[in-house]
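For reference, model-v4.tsv is printed below; it contains TSV, C-alpha atoms.
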chain	number	residue	atom	x	y	z
A	14	MET	CA	31.40	-215.76	3.17
A	15	TRP	CA	27.89	-214.38	2.76
A	16	GLN	CA	29.38	-211.16	1.30
A	17	LEU	CA	30.87	-213.26	-1.50
A	18	ALA	CA	27.45	-214.80	-2.16
A	19	ILE	CA	25.89	-211.34	-2.35
A	20	LEU	CA	28.57	-210.17	-4.79
A	21	ALA	CA	28.34	-213.33	-6.93
A	22	SER	CA	24.53	-213.34	-7.20
A	23	PRO	CA	24.19	-210.42	-9.68
A	24	PHE	CA	26.98	-211.87	-11.84
A	25	LEU	CA	25.36	-215.31	-11.93
A	26	PHE	CA	21.98	-213.72	-12.72
A	27	PHE	CA	23.60	-211.78	-15.59
A	28	ILE	CA	25.19	-214.97	-16.98
A	29	ALA	CA	21.84	-216.78	-16.66
A	30	ILE	CA	20.12	-214.07	-18.73
A	31	LEU	CA	22.82	-214.31	-21.42
A	32	THR	CA	22.50	-218.11	-21.47
A	33	TYR	CA	18.73	-217.82	-21.82
A	34	GLY	CA	19.25	-215.37	-24.70
A	35	ARG	CA	21.50	-217.78	-26.59
A	36	ALA	CA	19.34	-220.86	-25.90
A	37	THR	CA	16.14	-219.17	-27.12
A	38	GLN	CA	17.80	-217.08	-29.84
A	39	ASN	CA	16.51	-213.89	-28.26
A	40	GLN	CA	17.75	-211.16	-30.61
A	41	LEU	CA	17.48	-208.37	-28.05
A	42	ILE	CA	19.60	-210.17	-25.45
A	43	ASP	CA	22.16	-211.27	-28.07
A	44	ARG	CA	22.39	-207.71	-29.40
A	45	PHE	CA	23.63	-206.44	-26.03
A	46	ASN	CA	25.61	-209.53	-24.97
A	47	PRO	CA	29.13	-208.16	-24.33
A	48	PHE	CA	30.74	-211.58	-24.86
A	49	LEU	CA	29.53	-211.98	-28.43
A	50	LYS	CA	31.29	-210.31	-31.34
A	51	GLU	CA	29.87	-209.27	-34.68
A	52	THR	CA	30.62	-211.94	-37.25
A	53	TYR	CA	30.19	-212.19	-41.01
A	54	GLY	CA	28.66	-215.39	-42.28
A	55	TYR	CA	27.36	-216.78	-45.56
A	56	ALA	CA	24.05	-218.50	-46.18
A	57	LEU	CA	22.14	-220.25	-48.94
A	58	LEU	CA	18.58	-218.91	-49.19
A	59	PRO	CA	15.46	-220.35	-50.80
A	60	GLU	CA	14.84	-219.30	-54.40
A	61	LYS	CA	11.51	-217.76	-53.38
A	62	VAL	CA	10.51	-216.16	-50.10
A	63	ALA	CA	7.11	-216.88	-48.60
A	64	THR	CA	4.83	-213.85	-48.60
A	65	LYS	CA	1.92	-212.76	-46.49
A	66	LYS	CA	-0.92	-210.52	-47.65
A	67	VAL	CA	-1.10	-207.30	-45.62
A	68	ARG	CA	-3.34	-204.28	-45.95
A	69	GLY	CA	-1.77	-200.89	-46.34
A	70	THR	CA	-2.19	-197.48	-47.86
A	71	GLN	CA	-0.53	-195.99	-50.91
A	72	GLN	CA	-0.10	-192.28	-51.43
A	73	SER	CA	0.36	-190.73	-54.85
A	74	THR	CA	0.74	-187.16	-55.99
A	75	ASP	CA	-0.51	-186.02	-59.38
A	76	ALA	CA	0.99	-183.32	-61.61
A	77	ASN	CA	-1.07	-180.61	-59.87
A	78	GLY	CA	0.34	-181.53	-56.45
A	79	LYS	CA	-2.87	-183.15	-55.23
A	80	THR	CA	-2.21	-186.13	-52.96
A	81	THR	CA	-4.52	-189.11	-53.01
A	82	THR	CA	-4.50	-192.07	-50.68
A	83	LYS	CA	-5.93	-195.48	-51.46
A	84	LYS	CA	-6.06	-198.78	-49.65
A	85	VAL	CA	-4.09	-201.64	-51.19
A	86	VAL	CA	-3.25	-205.24	-50.38
A	87	LEU	CA	0.47	-205.98	-50.57
A	88	ASP	CA	2.50	-209.20	-50.58
A	89	MET	CA	4.90	-208.75	-47.65
A	90	PRO	CA	8.00	-210.98	-47.78
A	91	GLN	CA	8.45	-213.07	-44.63
A	92	PRO	CA	11.76	-213.76	-42.84
A	93	VAL	CA	13.94	-216.54	-44.24
A	94	ASP	CA	15.27	-219.34	-42.09
A	95	ALA	CA	18.80	-220.22	-43.15
A	96	TYR	CA	21.95	-221.83	-41.80
A	97	VAL	CA	24.61	-219.11	-41.63
A	98	TYR	CA	28.17	-220.43	-41.89
A	99	SER	CA	30.49	-218.41	-39.65
A	100	ASP	CA	33.75	-220.08	-40.63
A	101	ILE	CA	35.23	-222.22	-43.38
A	102	PHE	CA	34.99	-225.39	-41.30
A	103	GLY	CA	31.17	-225.40	-41.29
A	104	ALA	CA	30.45	-223.90	-37.86
A	105	GLY	CA	27.43	-221.65	-37.75
A	106	GLU	CA	23.83	-221.48	-36.64
A	107	TRP	CA	20.28	-221.29	-37.92
A	108	LEU	CA	19.06	-217.69	-38.10
A	109	LYS	CA	15.83	-215.99	-39.14
A	110	PHE	CA	16.23	-212.67	-40.92
A	111	GLN	CA	14.59	-210.38	-43.50
A	112	VAL	CA	15.94	-210.06	-47.04
A	113	GLY	CA	12.86	-208.98	-49.00
A	114	THR	CA	12.15	-210.61	-52.33
A	115	ILE	CA	14.99	-212.58	-53.86
A	116	PRO	CA	15.92	-211.82	-57.48
A	117	LYS	CA	16.84	-214.80	-59.69
A	118	GLY	CA	20.44	-215.87	-59.10
A	119	TYR	CA	20.81	-213.93	-55.84
A	120	ASN	CA	19.81	-216.65	-53.38
A	121	TYR	CA	22.98	-216.38	-51.28
A	122	ALA	CA	23.54	-213.85	-48.53
A	123	VAL	CA	26.37	-212.35	-46.57
A	124	VAL	CA	25.10	-211.79	-43.04
A	125	LEU	CA	26.55	-209.56	-40.32
A	126	HIS	CA	25.26	-210.96	-37.04
A	127	LYS	CA	25.93	-211.04	-33.33
A	128	GLY	CA	24.49	-214.31	-32.11
A	129	SER	CA	20.91	-214.42	-33.35
A	130	TYR	CA	20.75	-210.63	-33.80
A	131	VAL	CA	21.18	-209.94	-37.52
A	132	LYS	CA	22.48	-206.45	-38.08
A	133	ARG	CA	22.64	-206.63	-41.89
A	134	ALA	CA	22.02	-209.13	-44.65
A	135	ARG	CA	22.92	-208.56	-48.29
A	136	LEU	CA	21.91	-210.73	-51.22
A	137	ILE	CA	24.80	-211.96	-53.35
A	138	THR	CA	25.44	-214.44	-56.17
A	139	LYS	CA	27.24	-217.76	-55.75
A	140	ASP	CA	30.32	-216.28	-57.44
A	141	GLN	CA	30.54	-213.66	-54.68
A	142	VAL	CA	30.69	-216.32	-51.93
A	143	PRO	CA	34.34	-216.90	-50.93
A	144	THR	CA	35.70	-220.10	-52.45
A	145	LEU	CA	36.43	-221.72	-49.08
A	146	TYR	CA	32.75	-221.42	-48.04
A	147	ARG	CA	31.23	-222.75	-51.29
A	148	SER	CA	31.71	-226.45	-50.55
A	149	ASN	CA	29.88	-226.09	-47.21
A	150	ILE	CA	27.02	-223.97	-48.51
A	151	GLY	CA	26.22	-226.09	-51.56
A	152	GLY	CA	24.45	-225.34	-54.81
A	153	GLU	CA	21.47	-223.11	-55.47
A	154	ASP	CA	19.08	-226.07	-55.46
A	155	GLN	CA	20.32	-227.47	-52.13
A	156	TYR	CA	18.51	-225.13	-49.71
A	157	LEU	CA	17.18	-226.99	-46.66
A	158	LYS	CA	14.57	-225.59	-44.32
A	159	TYR	CA	15.27	-226.01	-40.60
A	160	ASP	CA	13.86	-229.22	-39.13
A	161	LYS	CA	14.47	-229.86	-35.43
A	162	LYS	CA	14.19	-233.62	-35.89
A	163	ASN	CA	17.02	-233.72	-38.46
A	164	PHE	CA	19.23	-230.82	-37.33
A	165	GLY	CA	18.75	-230.79	-33.56
A	166	PRO	CA	18.61	-227.54	-31.57
A	167	ARG	CA	18.93	-224.28	-33.49
A	168	ASN	CA	21.70	-223.03	-31.23
A	169	SER	CA	23.93	-223.78	-28.28
A	170	ILE	CA	23.38	-222.43	-24.78
A	171	ASN	CA	26.92	-221.08	-24.53
A	172	PRO	CA	26.57	-217.32	-23.81
A	173	PHE	CA	30.18	-216.73	-24.89
A	174	SER	CA	30.00	-218.36	-28.34
A	175	ASN	CA	28.88	-216.71	-31.54
A	176	ASN	CA	28.63	-219.74	-33.80
A	177	GLY	CA	26.77	-222.41	-31.85
A	178	VAL	CA	29.89	-224.22	-30.61
Starting from the file, lay out its structure as structure tokens.
Amino acid sequence: MWQLAILASPFLFFIAILTYGRATQNQLIDRFNPFLKETYGYALLPEKVATKKVRGTQQSTDANGKTTTKKVVLDMPQPVDAYVYSDIFGAGEWLKFQVGTIPKGYNYAVVLHKGSYVKRARLITKDQVPTLYRSNIGGEDQYLKYDKKNFGPRNSINPFSNNGV
């Protein structure tokens, strides 16, 4: 009997880590979770992304081949927080991911993700969103920022589910 407990302990510890990864939206754990599959989803994004001022350097080369470096302050786009629909019935989850600055009319995204790990996100127009998803996503002016009080937890604790169910 104790041999069974010794064999079951590592498995239960592994499942506990995966559950923790899903509950806390830990991207590193979700990335390597063997029970999750990569899924495409669609999201409505804000029309403008918040930016943060960061210091950096800019190199330029003149016609003679001389390189100069100067310090600059850049506006760095911050991650967006959006509900990503994983199926046509409205299942999905809140994810944070980088998209850069959003050009006018491109405030929708197709997102390839595995749990909370976002592998790729591409900006698209509303016309490029599949018709069956459009009624769930809503119009360009209907973006809602995540609010725990109104939407509840960001995710489920199910380590085997990719869309919060």
Mind giving me the axis-aligned box for range 47-61 of chain A with 8 Å on every side, centre plus edges in Å to one decimal, as lines of an AutoDock Vina configuration file?
center_x = 21.4
center_y = -214.3
center_z = -39.4
size_x = 35.8
size_y = 28.2
size_z = 46.1
Tell me which of A:Ala76, A:Ile28, A:Val131, A:Val93 sits closest to Thr52 in chain A, counting all atoms listed in the file.
-> A:Val131
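Across the structure, CA of Val67 in chain A and CA of Arg167 in chain A are spaced 28.9 Å apart.
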With all atoms listed in the file counted, which protein, DNA or RNA residues have an atom no more than 8 Å from (21.5, -219.7, -47.9) in the file frame? Please answer as a list in words.
->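 With a cut-off of 8 Å, the residues come to Tyr55, Ala56, Leu57, Leu58, Pro59, Ala95, Tyr96, Val97, Asn120, Tyr121, Ala122, Ile150 and Tyr156 of chain A.
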Can you pull out every residue within 10 Å of Val124 in chain A, counting only C-alpha atoms, but drop anything in the same chain fewer than 4 positions away, and send it as a compact mmCIF listing (two decimals) with C-alpha atoms, keeping the file's coordinate frame?
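The resulting file, part.txt, is shown below:
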# COMPACT_ATOMS: atom_id res chain seq x y z
CA GLU A 51 29.87 -209.27 -34.68
CA THR A 52 30.62 -211.94 -37.25
CA TYR A 53 30.19 -212.19 -41.01
CA GLY A 54 28.66 -215.39 -42.28
CA TYR A 55 27.36 -216.78 -45.56
CA ALA A 56 24.05 -218.50 -46.18
CA VAL A 97 24.61 -219.11 -41.63
CA TYR A 98 28.17 -220.43 -41.89
CA SER A 99 30.49 -218.41 -39.65
CA LEU A 108 19.06 -217.69 -38.10
CA PHE A 110 16.23 -212.67 -40.92
CA VAL A 131 21.18 -209.94 -37.52
CA LYS A 132 22.48 -206.45 -38.08
CA ARG A 133 22.64 -206.63 -41.89
CA ALA A 134 22.02 -209.13 -44.65
CA ARG A 135 22.92 -208.56 -48.29
CA LEU A 136 21.91 -210.73 -51.22
Looking at only C-alpha atoms, which of A:Asn39, A:Asp94, A:Val62, A:Glu106 is the one that sits closest to Pro166 in chain A?
->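 Closest to Pro166 in chain A of all the choices is A:Glu106.
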Separation of CA of Gly103 in chain A from CA of Ile115 in chain A in Å | 24.2 Å
Could you jot down the CA of Ile101 in chain A to CA of Pro172 in chain A separation for me, Å, one decimal place?
->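 Atom-to-atom, CA of Ile101 in chain A to CA of Pro172 in chain A, that is 22.0 Å.
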Show me, as a JSON list (two decimals) with C-alpha atoms, in the coordinates of the input, the residues that have an atom within 10 Å of Lys117 in chain A when counting all atoms listed in the file, minus same-chain residues fewer than 3 positions from it.
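Heads up, here's the output in around.json:
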[["chain", "number", "residue", "atom", "x", "y", "z"],
["A", 60, "GLU", "CA", 14.84, -219.30, -54.40],
["A", 61, "LYS", "CA", 11.51, -217.76, -53.38],
["A", 114, "THR", "CA", 12.15, -210.61, -52.33],
["A", 120, "ASN", "CA", 19.81, -216.65, -53.38],
["A", 138, "THR", "CA", 25.44, -214.44, -56.17]]
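Of the listed residues (A:Phe24, A:Tyr159, A:Tyr146, A:Tyr130), A:Tyr130 comes nearest to Phe45 in chain A; the distances count all atoms listed in the file.
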Tell me which of A:Gly34, A:Gly165, A:Asn46, A:Asp100 sits closest to Leu145 in chain A, counting all atoms listed in the file.
->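 Of all the options, A:Asp100 lies closest to Leu145 in chain A.
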Pick from A:Ala18, A:Met89, A:Leu157, A:Leu41: nearest to Lys127 in chain A, with all atoms listed in the file counted?
-> A:Leu41
Residues at most 9 Å from Gly69 in chain A, counting all atoms listed in the file, excluding those fewer than 2 positions away in the same chain, as a PDB file with C-alpha atoms, in the frame of the given file?
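Final output, out_9.pdb:
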ATOM      1  CA  VAL A  67      -1.100-207.300 -45.620  1.00  0.00           C
ATOM      2  CA  GLN A  71      -0.530-195.990 -50.910  1.00  0.00           C
ATOM      3  CA  LYS A  83      -5.930-195.480 -51.460  1.00  0.00           C
ATOM      4  CA  LYS A  84      -6.060-198.780 -49.650  1.00  0.00           C
ATOM      5  CA  VAL A  85      -4.090-201.640 -51.190  1.00  0.00           C
ATOM      6  CA  VAL A  86      -3.250-205.240 -50.380  1.00  0.00           C
ATOM      7  CA  LEU A  87       0.470-205.980 -50.570  1.00  0.00           C
TER       8      LEU A  87
END
Can you sort out range 24-45 of chain A so it carries N, CA and C atoms, written as an mmCIF file, in the coordinates of the input?
data_model
loop_
_atom_site.group_PDB
_atom_site.id
_atom_site.type_symbol
_atom_site.label_atom_id
_atom_site.label_comp_id
_atom_site.auth_asym_id
_atom_site.auth_seq_id
_atom_site.Cartn_x
_atom_site.Cartn_y
_atom_site.Cartn_z
ATOM 1 N N PHE A 24 26.204 -211.350 -10.727
ATOM 2 C CA PHE A 24 26.980 -211.870 -11.840
ATOM 3 C C PHE A 24 26.362 -213.154 -12.389
ATOM 4 N N LEU A 25 25.968 -214.057 -11.502
ATOM 5 C CA LEU A 25 25.360 -215.310 -11.930
ATOM 6 C C LEU A 25 24.005 -215.056 -12.602
ATOM 7 N N PHE A 26 23.255 -214.087 -12.099
ATOM 8 C CA PHE A 26 21.980 -213.720 -12.720
ATOM 9 C C PHE A 26 22.218 -213.175 -14.123
ATOM 10 N N PHE A 27 23.236 -212.344 -14.291
ATOM 11 C CA PHE A 27 23.600 -211.780 -15.590
ATOM 12 C C PHE A 27 23.980 -212.895 -16.576
ATOM 13 N N ILE A 28 24.785 -213.842 -16.137
ATOM 14 C CA ILE A 28 25.190 -214.970 -16.980
ATOM 15 C C ILE A 28 23.978 -215.831 -17.332
ATOM 16 N N ALA A 29 23.051 -216.002 -16.396
ATOM 17 C CA ALA A 29 21.840 -216.780 -16.660
ATOM 18 C C ALA A 29 20.986 -216.122 -17.735
ATOM 19 N N ILE A 30 20.874 -214.794 -17.701
ATOM 20 C CA ILE A 30 20.120 -214.070 -18.730
ATOM 21 C C ILE A 30 20.777 -214.250 -20.093
ATOM 22 N N LEU A 31 22.112 -214.136 -20.146
ATOM 23 C CA LEU A 31 22.820 -214.310 -21.420
ATOM 24 C C LEU A 31 22.661 -215.731 -21.944
ATOM 25 N N THR A 32 22.696 -216.713 -21.065
ATOM 26 C CA THR A 32 22.500 -218.110 -21.470
ATOM 27 C C THR A 32 21.104 -218.321 -22.010
ATOM 28 N N TYR A 33 20.110 -217.742 -21.338
ATOM 29 C CA TYR A 33 18.730 -217.820 -21.820
ATOM 30 C C TYR A 33 18.627 -217.187 -23.205
ATOM 31 N N GLY A 34 19.283 -216.051 -23.403
ATOM 32 C CA GLY A 34 19.250 -215.370 -24.700
ATOM 33 C C GLY A 34 19.815 -216.220 -25.821
ATOM 34 N N ARG A 35 20.903 -216.921 -25.562
ATOM 35 C CA ARG A 35 21.500 -217.780 -26.590
ATOM 36 C C ARG A 35 20.645 -219.024 -26.827
ATOM 37 N N ALA A 36 20.119 -219.628 -25.754
ATOM 38 C CA ALA A 36 19.340 -220.860 -25.900
ATOM 39 C C ALA A 36 18.036 -220.629 -26.652
ATOM 40 N N THR A 37 17.428 -219.460 -26.476
ATOM 41 C CA THR A 37 16.140 -219.170 -27.120
ATOM 42 C C THR A 37 16.289 -218.293 -28.350
ATOM 43 N N GLN A 38 17.492 -217.976 -28.727
ATOM 44 C CA GLN A 38 17.800 -217.080 -29.840
ATOM 45 C C GLN A 38 17.035 -215.759 -29.697
ATOM 46 N N ASN A 39 17.129 -215.174 -28.525
ATOM 47 C CA ASN A 39 16.510 -213.890 -28.260
ATOM 48 C C ASN A 39 17.412 -212.797 -28.831
ATOM 49 N N GLN A 40 16.934 -212.145 -29.893
ATOM 50 C CA GLN A 40 17.750 -211.160 -30.610
ATOM 51 C C GLN A 40 18.112 -209.963 -29.746
ATOM 52 N N LEU A 41 17.209 -209.537 -28.889
ATOM 53 C CA LEU A 41 17.480 -208.370 -28.050
ATOM 54 C C LEU A 41 18.594 -208.659 -27.053
ATOM 55 N N ILE A 42 18.553 -209.815 -26.415
ATOM 56 C CA ILE A 42 19.600 -210.170 -25.450
ATOM 57 C C ILE A 42 20.931 -210.355 -26.165
ATOM 58 N N ASP A 43 20.923 -211.059 -27.318
ATOM 59 C CA ASP A 43 22.160 -211.270 -28.070
ATOM 60 C C ASP A 43 22.754 -209.949 -28.565
ATOM 61 N N ARG A 44 21.900 -209.011 -28.896
ATOM 62 C CA ARG A 44 22.390 -207.710 -29.400
ATOM 63 C C ARG A 44 23.259 -207.011 -28.357
ATOM 64 N N PHE A 45 22.901 -207.132 -27.089
ATOM 65 C CA PHE A 45 23.630 -206.440 -26.030
ATOM 66 C C PHE A 45 24.564 -207.346 -25.231
#
